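Here is coords_17.cif, consisting of mmCIF, C-alpha atoms:
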data_coords
#
loop_
_atom_site.label_atom_id
_atom_site.label_comp_id
_atom_site.auth_asym_id
_atom_site.auth_seq_id
_atom_site.Cartn_x
_atom_site.Cartn_y
_atom_site.Cartn_z
CA MET A 10 -13.76 11.13 16.71
CA GLY A 11 -15.08 10.97 13.16
CA PHE A 12 -14.33 12.12 9.62
CA ARG A 13 -12.84 15.40 10.85
CA GLU A 14 -9.74 13.41 11.78
CA PHE A 15 -9.12 12.50 8.14
CA ILE A 16 -6.65 14.96 6.64
CA GLY A 17 -7.11 16.09 3.05
CA ASN A 18 -9.24 14.81 0.15
CA GLU A 19 -12.33 16.60 1.47
CA THR A 20 -14.20 16.04 -1.80
CA VAL A 21 -13.86 12.25 -1.69
CA VAL A 22 -14.83 12.15 1.99
CA ARG A 23 -17.89 14.29 1.36
CA ARG A 24 -19.02 12.11 -1.54
CA LEU A 25 -18.79 8.95 0.56
CA ARG A 26 -20.83 10.54 3.33
CA GLU A 27 -23.38 11.87 0.85
CA THR A 28 -24.02 8.38 -0.51
CA VAL A 29 -24.89 7.23 3.00
CA ALA A 30 -27.08 10.29 3.63
CA ALA A 31 -28.97 9.61 0.40
CA GLY A 32 -29.32 5.88 1.14
CA ARG A 33 -27.52 5.02 -2.09
CA VAL A 34 -24.45 3.17 -0.89
CA PRO A 35 -22.69 1.54 -3.88
CA GLN A 36 -22.14 -2.19 -3.82
CA ALA A 37 -18.59 -1.87 -5.15
CA MET A 38 -16.02 0.94 -4.82
CA ILE A 39 -12.39 1.47 -5.74
CA LEU A 40 -10.32 3.79 -3.55
CA ALA A 41 -7.25 4.71 -5.59
CA GLY A 42 -4.21 6.55 -4.31
CA ALA A 43 -0.54 6.32 -3.47
CA ARG A 44 0.71 4.12 -0.65
CA GLY A 45 0.03 5.93 2.60
CA SER A 46 -2.58 8.28 1.13
CA GLY A 47 -5.23 7.07 3.59
CA LYS A 48 -7.15 4.50 1.53
CA TYR A 49 -7.33 1.90 4.29
CA THR A 50 -8.10 4.46 6.99
CA LEU A 51 -10.94 5.89 4.90
CA ALA A 52 -12.31 2.43 4.11
CA LEU A 53 -12.52 1.58 7.83
CA MET A 54 -14.15 4.95 8.51
CA PHE A 55 -16.77 4.15 5.88
CA ALA A 56 -17.34 0.70 7.42
CA ARG A 57 -17.90 2.34 10.80
CA LEU A 58 -20.22 4.94 9.28
CA VAL A 59 -22.60 2.38 7.74
CA ASN A 60 -22.59 0.21 10.88
CA CYS A 61 -22.47 2.77 13.72
CA LEU A 62 -25.04 2.09 16.47
CA GLU A 63 -25.13 5.73 17.58
CA PRO A 64 -24.67 7.70 14.33
CA ALA A 65 -23.80 11.35 14.70
CA GLU A 66 -23.74 14.33 12.35
CA SER A 67 -21.03 16.83 11.48
CA ASP A 68 -20.93 19.51 8.80
CA GLY A 69 -24.49 18.59 7.92
CA LEU A 70 -23.57 15.02 6.92
CA PRO A 71 -23.74 11.66 8.74
CA ASP A 72 -20.75 10.65 10.86
CA TYR A 73 -19.85 7.75 13.13
CA CYS A 74 -19.57 8.08 16.90
CA GLY A 75 -16.33 6.13 17.39
CA ARG A 76 -17.55 4.94 20.81
CA CYS A 77 -20.20 2.28 20.21
CA ARG A 78 -19.47 -1.44 20.19
CA ASN A 79 -19.44 -1.65 16.39
CA CYS A 80 -17.13 1.36 15.92
CA GLU A 81 -14.67 0.06 18.50
CA ARG A 82 -14.55 -3.47 17.10
CA ILE A 83 -14.12 -2.28 13.51
CA GLY A 84 -11.42 0.10 14.74
CA GLU A 85 -9.42 -2.85 16.08
CA SER A 86 -8.46 -3.57 12.47
CA GLU A 87 -6.66 -0.22 12.12
CA ASP A 88 -3.26 -1.75 12.89
CA LEU A 89 -3.35 -4.03 9.87
CA ASN A 90 0.26 -5.20 10.23
CA ALA A 91 -0.39 -6.40 13.77
CA ARG A 92 -3.62 -8.19 12.81
CA MET A 93 -1.88 -9.84 9.85
CA ALA A 94 0.99 -10.97 12.06
CA GLU A 95 -1.53 -12.60 14.40
CA ALA A 96 -3.26 -14.34 11.50
CA VAL A 97 0.03 -15.60 10.04
CA ALA A 98 1.15 -16.86 13.47
CA ALA A 99 -2.16 -18.68 13.93
CA ARG A 100 -1.74 -20.32 10.52
CA GLU A 101 1.79 -21.44 11.38
CA ASP A 102 0.41 -23.34 14.39
CA LEU A 103 -1.81 -25.49 12.18
CA ARG A 104 -0.98 -28.89 10.74
CA GLU A 105 0.76 -28.81 7.37
CA THR A 106 -2.32 -30.07 5.51
CA ASP A 107 -4.52 -27.38 7.10
CA LYS A 108 -1.88 -24.69 6.68
CA ARG A 109 -1.88 -25.03 2.90
CA GLU A 110 -5.65 -24.54 2.75
CA THR A 111 -5.86 -21.62 5.22
CA ARG A 112 -5.87 -18.11 3.81
CA ILE A 113 -5.11 -14.89 5.68
CA LEU A 114 -8.15 -12.79 6.58
CA VAL A 115 -8.67 -10.08 9.22
CA GLN A 116 -12.06 -9.82 10.88
CA THR A 117 -12.44 -8.01 14.21
CA HIS A 118 -16.16 -7.44 13.54
CA PRO A 119 -18.46 -10.13 12.09
CA ASP A 120 -19.76 -7.81 9.37
CA VAL A 121 -16.46 -6.27 8.25
CA MET A 122 -13.81 -8.44 6.62
CA VAL A 123 -10.37 -7.20 5.55
CA ILE A 124 -8.64 -9.17 2.80
CA PRO A 125 -4.88 -8.45 2.60
CA PRO A 126 -2.41 -10.03 0.16
CA ASP A 127 -1.59 -13.54 1.35
CA PRO A 128 2.10 -14.10 2.21
CA PRO A 129 4.62 -15.08 1.09
CA GLN A 130 3.60 -14.35 -2.53
CA MET A 131 1.63 -11.26 -1.33
CA LEU A 132 -1.24 -11.84 -3.72
CA ILE A 133 -5.00 -11.93 -3.17
CA LYS A 134 -5.75 -15.62 -3.67
CA VAL A 135 -8.75 -17.63 -4.80
CA GLY A 136 -9.39 -19.03 -1.32
CA GLN A 137 -9.75 -15.53 0.11
CA VAL A 138 -12.24 -14.49 -2.57
CA ARG A 139 -14.23 -17.69 -2.06
CA GLN A 140 -14.57 -16.85 1.62
CA VAL A 141 -15.82 -13.38 0.66
CA ILE A 142 -18.37 -14.91 -1.71
CA HIS A 143 -19.57 -17.33 0.98
CA ASN A 144 -19.99 -14.57 3.56
CA ALA A 145 -21.62 -12.19 1.09
CA TYR A 146 -24.30 -14.64 -0.03
CA TYR A 147 -24.86 -16.79 3.04
CA ARG A 148 -24.03 -14.60 6.04
CA PRO A 149 -26.15 -11.44 6.15
CA PRO A 150 -25.10 -8.69 8.60
CA SER A 151 -25.63 -9.88 12.17
CA GLU A 152 -24.58 -6.90 14.29
CA GLY A 153 -24.54 -4.03 11.80
CA ARG A 154 -26.59 -2.79 8.87
CA ARG A 155 -24.16 -3.58 6.06
CA ALA A 156 -21.44 -6.13 5.34
CA VAL A 157 -18.21 -4.50 4.12
CA PHE A 158 -15.34 -6.38 2.45
CA ILE A 159 -12.08 -4.43 2.13
CA PHE A 160 -9.46 -5.70 -0.32
CA THR A 161 -6.29 -3.86 0.69
CA SER A 162 -4.50 -4.48 -2.61
CA SER A 163 -5.33 -4.86 -6.29
CA ALA A 164 -2.67 -7.59 -6.64
CA LEU A 165 -5.19 -10.33 -7.40
CA MET A 166 -4.30 -13.66 -8.90
CA LYS A 167 -6.01 -14.18 -12.26
CA GLU A 168 -8.33 -16.84 -10.85
CA ALA A 169 -9.12 -14.65 -7.84
CA ALA A 170 -9.98 -11.71 -10.10
CA ASN A 171 -12.35 -13.89 -12.15
CA SER A 172 -14.01 -15.16 -8.98
CA LEU A 173 -14.41 -11.64 -7.64
CA LEU A 174 -16.01 -10.57 -10.90
CA LYS A 175 -18.76 -13.14 -10.37
CA VAL A 176 -19.89 -11.60 -7.08
CA MET A 177 -19.63 -8.08 -8.56
CA GLU A 178 -21.97 -9.06 -11.40
CA GLU A 179 -24.73 -10.07 -8.96
CA PRO A 180 -23.83 -8.46 -5.62
CA PRO A 181 -26.11 -8.97 -2.62
CA ALA A 182 -27.97 -5.79 -1.69
CA HIS A 183 -26.63 -5.76 1.88
CA CYS A 184 -22.89 -5.74 1.12
CA THR A 185 -20.24 -3.39 -0.23
CA LEU A 186 -16.93 -4.44 -1.76
CA MET A 187 -14.10 -1.92 -1.37
CA LEU A 188 -10.95 -2.38 -3.46
CA LEU A 189 -7.92 -0.33 -2.47
CA SER A 190 -5.36 0.22 -5.21
CA GLU A 191 -2.28 2.27 -5.94
CA ASN A 192 -2.88 1.63 -9.63
CA PRO A 193 -6.48 0.79 -10.68
CA ALA A 194 -5.18 -0.20 -14.13
CA GLU A 195 -4.00 -3.44 -12.46
CA LEU A 196 -7.62 -4.46 -12.09
CA LEU A 197 -9.57 -6.11 -14.88
CA PRO A 198 -11.54 -3.62 -16.99
CA THR A 199 -14.68 -5.62 -16.19
CA ILE A 200 -14.04 -5.09 -12.46
CA ARG A 201 -13.37 -1.35 -12.88
CA SER A 202 -16.56 -0.92 -14.89
CA ARG A 203 -18.64 -2.37 -12.06
CA ALA A 204 -17.26 -0.17 -9.29
CA VAL A 205 -17.44 3.51 -8.36
CA LEU A 206 -13.93 5.00 -8.52
CA HIS A 207 -12.71 7.54 -5.94
CA ARG A 208 -9.18 8.94 -6.32
CA LEU A 209 -7.24 10.23 -3.32
CA HIS A 210 -4.95 13.05 -4.35
CA ALA A 211 -1.57 14.04 -2.96
CA ALA A 212 -1.28 16.71 -0.30
CA PRO A 213 1.08 19.66 -0.98
CA THR A 214 4.61 19.29 0.39
CA GLU A 215 4.19 22.49 2.39
CA THR A 216 1.09 21.04 4.11
CA LEU A 217 3.03 17.92 5.05
CA GLU A 218 5.88 19.98 6.51
CA VAL A 219 3.46 21.90 8.74
CA LEU A 220 1.80 18.65 9.81
CA LEU A 221 5.16 17.04 10.58
CA ALA A 222 6.19 20.07 12.65
CA GLU A 223 3.06 19.56 14.75
CA ARG A 224 3.11 15.77 15.13
CA ARG A 225 6.69 14.61 14.57
CA ARG A 226 8.70 16.60 17.09
CA ASP A 227 11.38 13.91 16.91
CA LEU A 228 12.43 15.15 13.46
CA LYS A 229 14.78 18.07 12.89
CA PRO A 230 13.76 20.76 10.34
CA ALA A 231 15.98 19.32 7.60
CA GLN A 232 14.61 15.85 8.28
CA ARG A 233 11.02 17.12 8.12
CA THR A 234 11.73 18.68 4.73
CA LEU A 235 13.25 15.42 3.48
CA VAL A 236 10.35 13.29 4.80
CA ALA A 237 7.76 15.69 3.32
CA HIS A 238 9.33 15.21 -0.12
CA LEU A 239 9.82 11.46 0.21
CA ALA A 240 6.20 10.92 1.32
CA GLU A 241 4.99 12.01 -2.15
CA GLY A 242 1.95 13.81 -0.78
CA ALA A 243 0.75 10.85 1.31
CA VAL A 244 -0.27 12.02 4.79
CA GLY A 245 -0.17 8.58 6.40
CA ARG A 246 3.23 7.80 4.92
CA ALA A 247 4.62 11.11 6.17
CA LEU A 248 3.34 10.68 9.73
CA GLY A 249 4.55 7.10 9.99
CA PHE A 250 7.76 7.54 8.02
CA ASP A 251 10.63 5.53 9.51
CA LEU A 252 13.55 7.68 8.46
CA GLU A 253 16.14 5.37 10.01
CA ALA A 254 14.85 2.32 8.13
CA TRP A 255 14.56 4.35 4.91
CA THR A 256 18.14 5.57 5.25
CA ALA A 257 19.35 2.00 5.69
CA SER A 258 17.41 0.82 2.62
CA ARG A 259 18.63 3.78 0.61
CA SER A 260 22.25 3.06 1.56
CA ASP A 261 21.86 -0.43 0.07
CA ALA A 262 20.15 1.03 -3.01
CA LEU A 263 23.07 3.41 -3.47
CA VAL A 264 25.45 0.43 -3.40
CA VAL A 265 23.49 -1.02 -6.35
CA LEU A 266 23.64 2.25 -8.28
CA ARG A 267 27.31 2.92 -7.56
CA THR A 268 28.21 -0.62 -8.61
CA ALA A 269 26.17 -0.31 -11.80
CA LEU A 270 27.42 3.15 -12.78
CA ARG A 271 30.80 3.72 -11.19
CA GLN A 272 32.57 0.88 -9.40
CA PRO A 273 34.09 -2.03 -11.35
CA ASP A 274 34.56 -3.94 -8.07
CA ASP A 275 31.47 -5.94 -7.07
CA SER A 276 32.66 -6.90 -3.58
CA ALA A 277 30.63 -4.20 -1.80
CA LEU A 278 27.53 -5.32 -3.71
CA PHE A 279 28.01 -8.98 -2.79
CA ARG A 280 28.53 -8.17 0.90
CA MET A 281 25.31 -6.16 0.90
CA THR A 282 23.08 -8.59 -1.01
CA GLU A 283 24.27 -11.54 1.10
CA SER A 284 22.23 -10.11 3.99
CA TYR A 285 18.97 -10.43 2.02
CA ARG A 286 17.72 -13.79 3.19
CA ALA A 287 14.51 -15.78 2.80
CA GLY A 288 11.49 -15.32 5.04
CA ALA A 289 9.19 -12.43 5.92
CA ASP A 290 12.00 -10.25 7.27
CA GLY A 291 14.00 -10.66 4.08
CA GLN A 292 10.93 -9.87 2.01
CA ALA A 293 10.25 -6.64 3.91
CA LYS A 294 13.90 -5.68 3.60
CA THR A 295 13.88 -6.30 -0.16
CA GLN A 296 10.70 -4.27 -0.59
CA GLY A 297 12.34 -1.40 1.30
CA LEU A 298 15.40 -1.55 -0.97
CA LEU A 299 13.25 -1.58 -4.12
CA ARG A 300 11.21 1.42 -2.95
CA ALA A 301 14.39 3.35 -2.17
CA LEU A 302 15.92 2.34 -5.51
CA HIS A 303 12.78 3.42 -7.38
CA SER A 304 12.99 6.79 -5.65
CA LEU A 305 16.65 7.24 -6.56
CA VAL A 306 16.14 6.22 -10.20
CA GLU A 307 13.20 8.63 -10.50
CA ASP A 308 15.46 11.39 -9.15
CA LEU A 309 18.10 10.42 -11.71
CA LEU A 310 15.45 10.79 -14.42
CA LEU A 311 14.52 14.24 -13.10
CA ALA A 312 18.16 15.30 -12.95
CA HIS A 313 18.74 13.96 -16.47
CA ALA A 314 15.75 15.99 -17.67
CA GLY A 315 17.05 19.16 -16.04
CA ALA A 316 14.33 19.18 -13.37
CA GLY A 317 16.57 18.71 -10.35
CA ASN A 318 14.35 21.05 -8.30
CA LEU A 319 11.72 18.29 -8.23
CA MET A 320 14.05 15.63 -6.78
CA ARG A 321 12.87 14.05 -3.53
CA ASN A 322 16.19 12.85 -2.10
CA ARG A 323 17.29 16.43 -1.48
CA ASP A 324 20.24 15.46 0.71
CA LEU A 325 21.80 13.48 -2.19
CA THR A 326 21.34 16.11 -4.90
CA THR A 327 25.05 16.55 -5.67
CA GLU A 328 25.82 12.83 -6.02
CA LEU A 329 22.67 12.04 -8.01
CA GLU A 330 23.24 14.91 -10.43
CA ALA A 331 26.79 13.65 -10.99
CA MET A 332 25.44 10.15 -11.69
CA ALA A 333 22.83 11.56 -14.08
CA HIS A 334 25.54 12.94 -16.38
CA GLY A 335 26.59 9.41 -17.30
CA ILE A 336 23.20 7.88 -18.13
CA ASP A 337 20.72 8.03 -20.97
CA MET A 338 17.06 7.10 -21.49
CA GLU A 339 18.01 3.60 -22.59
CA TRP A 340 19.70 2.99 -19.23
CA LEU A 341 16.72 4.40 -17.32
CA GLU A 342 14.36 2.10 -19.21
CA ARG A 343 16.61 -0.90 -18.54
CA ALA A 344 16.82 -0.02 -14.83
CA GLY A 345 13.03 0.04 -14.65
CA ARG A 346 12.80 -3.41 -16.23
CA GLU A 347 15.38 -4.87 -13.85
CA MET A 348 13.60 -3.53 -10.76
CA HIS A 349 10.29 -4.89 -12.04
CA ALA A 350 11.88 -8.29 -12.58
CA VAL A 351 13.04 -8.47 -8.95
CA ASP A 352 9.64 -7.34 -7.71
CA ALA A 353 7.90 -10.03 -9.77
CA GLY A 354 10.49 -12.63 -8.73
CA MET A 355 9.74 -12.07 -5.05
CA ARG A 356 6.28 -13.52 -5.60
CA ARG A 357 7.89 -16.70 -6.96
CA ASN A 358 10.23 -17.05 -3.96
CA LEU A 359 13.40 -16.54 -6.01
CA LEU A 360 16.66 -16.36 -4.08
CA ARG A 361 16.80 -12.69 -3.16
CA SER A 362 20.55 -12.20 -2.97
CA LEU A 363 21.05 -13.62 -6.47
CA SER A 364 18.08 -11.63 -7.81
CA LEU A 365 19.60 -8.40 -6.51
CA ASP A 366 23.03 -9.30 -7.92
CA ALA A 367 21.42 -10.00 -11.30
CA MET A 368 19.55 -6.69 -11.12
CA ALA A 369 22.75 -4.74 -10.51
CA ALA A 370 24.46 -6.62 -13.37
CA GLY A 371 21.54 -5.81 -15.68
CA MET A 372 21.77 -2.13 -14.70
CA THR A 373 25.53 -1.93 -15.31
CA LYS A 374 26.31 0.74 -17.82
CA ALA A 375 27.66 -0.70 -21.05
#
Go ahead and render the structure in this file as structure tokens.
Amino acid sequence: MGFREFIGNETVVRRLRETVAAGRVPQAMILAGARGSGKYTLALMFARLVNCLEPAESDGLPDYCGRCRNCERIGESEDLNARMAEAVAAREDLRETDKRETRILVQTHPDVMVIPPDPPQMLIKVGQVRQVIHNAYYRPPSEGRRAVFIFTSSALMKEAANSLLKVMEEPPAHCTLMLLSENPAELLPTIRSRAVLHRLHAAPTETLEVLLAERRRDLKPAQRTLVAHLAEGAVGRALGFDLEAWTASRSDALVVLRTALRQPDDSALFRMTESYRAGADGQAKTQGLLRALHSLVEDLLLAHAGAGNLMRNRDLTTELEAMAHGIDMEWLERAGREMHAVDAGMRRNLLRSLSLDAMAAGMTKA
């Protein structure tokens, strides 16, 4: 148990451990990397390291034991989806007046708080940041040495970002803020300037294939190759890749593309989008479709540029290359805008089926 379990990005891991060894733990950090690159896993490892009751040593640097009371309780936050589901269910049981004022937070250890985007808008909200500020200033560590606050997304509301900036300007000495982001440019420049930035880089596709052969025996060789390319160098995404769910989302995304580029009949599109309903399930389904559609459009761009060898959806090479012959850069730019519009609309609770229909209409080749 310890940092040896973290695969890849040895330089970033070593730097984090060196800050603890030197007693110079930063009060604000940004862990940047693709979805599934290990940002959240590494953040929890760091939280265990600074609060371990029986610290160990490996490779000449401090490590956490993984067995003490603090390590075990912090580790209970590893399954973030399960902890969030529990928090959302607890909020649903409250009275309507209390429900509106209650924000989603995950805290399995009193000194480590995880702040995920608050559903259904999936944004970090002012109420969450206010709770962080209260704990940071008025609740010093009670069972560990350092309070750690982990923001799992950089999707902060404007007011929340301004509130967070206040605590970053005068942070308490005993706490560390960790912001996890796929794109640090989403954060205010004033926030970025007050935090140490660590970037998690992609693992080679060959490394992922070897890892999948060892740990995902359920996948056939062709499936392992496909997953290794679709994971985009993210170890966590590769190991947890749900190929069946991805295939279903990609089938719907192909309906959008075929309707926009080939089929004058919209009936198949309407039958598909009608299944995208309101609620958390519909939101997750829409996010899956958008990710698959982004992947397919990126492959169309690569095929259009004559770089088909870099395409990730290897099993669809023939069809995507045929589609790429009928598009131009103007269409690719328009497709990007339409997908962004649906993604932004989800945070405003727009009717998903109509949003997807409008996206396909906007992507239709003139």
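Here, the PyMOL selection byres ((chain A and resi 331-336) around 8) matches Leu270, Leu309, Leu310, Ala312, His313, Thr327, Glu328, Leu329, Glu330, Asp337, Met338, Trp340, Leu341 and Lys374 of chain A.
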Once the PyMOL selection byres ((chain A and resi 259) around 12) is applied to the coordinates I shared, what remains selected? I want it as a PyMOL selection string. chain A and resi 239+252-258+260-267+281+294-306+322+324-325
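Residues in contact with Ser190 (chain A) at 6 Å, where all atoms listed in the file are counted and same-chain residues fewer than 2 positions away are skipped, are listed as Ala41, Ser162, Ser163, Asn192 and Pro193 of chain A.
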Those same residues, written as a PDB file, keeping the file's coordinate frame with C-alpha atoms?
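Ended up saving to again-v7.pdb:
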ATOM      1  CA  ALA A  41      -7.250   4.710  -5.590  1.00  0.00           C
ATOM      2  CA  SER A 162      -4.500  -4.480  -2.610  1.00  0.00           C
ATOM      3  CA  SER A 163      -5.330  -4.860  -6.290  1.00  0.00           C
ATOM      4  CA  ASN A 192      -2.880   1.630  -9.630  1.00  0.00           C
ATOM      5  CA  PRO A 193      -6.480   0.790 -10.680  1.00  0.00           C
TER       6      PRO A 193
END
Do you know which residues the PyMOL selection byres ((chain A and resi 279) around 10) returns on this file, as a CSV table (one decimal) with C-alpha atoms, keeping the file's coordinate frame?
chain,number,residue,atom,x,y,z
A,264,VAL,CA,25.4,0.4,-3.4
A,265,VAL,CA,23.5,-1.0,-6.4
A,274,ASP,CA,34.6,-3.9,-8.1
A,275,ASP,CA,31.5,-5.9,-7.1
A,276,SER,CA,32.7,-6.9,-3.6
A,277,ALA,CA,30.6,-4.2,-1.8
A,278,LEU,CA,27.5,-5.3,-3.7
A,280,ARG,CA,28.5,-8.2,0.9
A,281,MET,CA,25.3,-6.2,0.9
A,282,THR,CA,23.1,-8.6,-1.0
A,283,GLU,CA,24.3,-11.5,1.1
A,284,SER,CA,22.2,-10.1,4.0
A,362,SER,CA,20.6,-12.2,-3.0
A,363,LEU,CA,21.0,-13.6,-6.5
A,365,LEU,CA,19.6,-8.4,-6.5
A,366,ASP,CA,23.0,-9.3,-7.9
Tell me which protein, DNA and RNA residues are within 10 Å of region 224-227 of chain A, counting only C-alpha atoms, leaving out same-chain ones fewer than 3 positions away, and put them as JSON, numbers by chain. {"A": [218, 219, 220, 221, 230, 232, 233, 247, 248, 249, 250]}
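Distances here use all atoms listed in the file; by that measure, the residue among A:Glu27, A:Glu339, A:Glu191, A:Asp120 closest to Leu70 (chain A) is A:Glu27.
Distance annotation: of A:Ala269, A:Ala243, A:Val236, A:Cys184, the residue with the minimal separation from Pro213 (chain A) is A:Ala243; atom set is only C-alpha atoms.
The protein and nucleic acid residues lying at most 12 Å from Ile142 (chain A) are A:Met122, A:Val135, A:Gly136, A:Gln137, A:Tyr147, A:Arg148, A:Pro149, A:Ala156, A:Val157, A:Phe158, A:Ala169, A:Ser172, A:Leu173, A:Leu174, A:Lys175, A:Val176, A:Met177, A:Glu178, A:Glu179, A:Pro180, A:Pro181, A:Cys184, A:Thr185, A:Leu186, with only C-alpha atoms considered and sequence neighbours fewer than 5 positions away removed.
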Would you list the residues near (-8.1, -9.4, 9.2) (no more than 7 Å away, in the coordinates of the file, using only C-alpha atoms) as a PDB file with C-alpha atoms, in the frame of the given file?
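Printed below is point_4.pdb as written:
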ATOM      1  CA  SER A  86      -8.460  -3.570  12.470  1.00  0.00           C
ATOM      2  CA  ARG A  92      -3.620  -8.190  12.810  1.00  0.00           C
ATOM      3  CA  MET A  93      -1.880  -9.840   9.850  1.00  0.00           C
ATOM      4  CA  LEU A 114      -8.150 -12.790   6.580  1.00  0.00           C
ATOM      5  CA  VAL A 115      -8.670 -10.080   9.220  1.00  0.00           C
ATOM      6  CA  GLN A 116     -12.060  -9.820  10.880  1.00  0.00           C
ATOM      7  CA  THR A 117     -12.440  -8.010  14.210  1.00  0.00           C
ATOM      8  CA  MET A 122     -13.810  -8.440   6.620  1.00  0.00           C
ATOM      9  CA  VAL A 123     -10.370  -7.200   5.550  1.00  0.00           C
ATOM     10  CA  ILE A 124      -8.640  -9.170   2.800  1.00  0.00           C
TER      11      ILE A 124
END
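Between Pro71 (chain A) and the candidates A:Ser364, A:Thr28, A:Thr106, A:Thr161, the tightest atom-to-atom separation, counting all atoms listed in the file, involves A:Thr28.
With distances restricted to all atoms listed in the file, A:Pro119 is the closest residue to Ala145 (chain A) from A:Leu228, A:Pro119, A:Glu81, A:Ala30.
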Between A:Cys61, A:Val29, A:Arg346, A:Phe55, which one has atoms that come closest to Cys74 (chain A), using all atoms listed in the file? A:Cys61
Distance query region 95-101 of chain A at most 9 Å, only C-alpha atoms, self and fewer than 2 positions along chain excluded, as a ChimeraX atom specification: /A:90-93,103-105,107-109,111-115,128
Export of the given selection (C-alpha atoms) as a PDB file, keeping the file's coordinate frame:
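File part_0.pdb, as written:
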ATOM      1  CA  ASN A  90       0.260  -5.200  10.230  1.00  0.00           C
ATOM      2  CA  ALA A  91      -0.390  -6.400  13.770  1.00  0.00           C
ATOM      3  CA  ARG A  92      -3.620  -8.190  12.810  1.00  0.00           C
ATOM      4  CA  MET A  93      -1.880  -9.840   9.850  1.00  0.00           C
ATOM      5  CA  LEU A 103      -1.810 -25.490  12.180  1.00  0.00           C
ATOM      6  CA  ARG A 104      -0.980 -28.890  10.740  1.00  0.00           C
ATOM      7  CA  GLU A 105       0.760 -28.810   7.370  1.00  0.00           C
ATOM      8  CA  ASP A 107      -4.520 -27.380   7.100  1.00  0.00           C
ATOM      9  CA  LYS A 108      -1.880 -24.690   6.680  1.00  0.00           C
ATOM     10  CA  ARG A 109      -1.880 -25.030   2.900  1.00  0.00           C
ATOM     11  CA  THR A 111      -5.860 -21.620   5.220  1.00  0.00           C
ATOM     12  CA  ARG A 112      -5.870 -18.110   3.810  1.00  0.00           C
ATOM     13  CA  ILE A 113      -5.110 -14.890   5.680  1.00  0.00           C
ATOM     14  CA  LEU A 114      -8.150 -12.790   6.580  1.00  0.00           C
ATOM     15  CA  VAL A 115      -8.670 -10.080   9.220  1.00  0.00           C
ATOM     16  CA  PRO A 128       2.100 -14.100   2.210  1.00  0.00           C
TER      17      PRO A 128
END
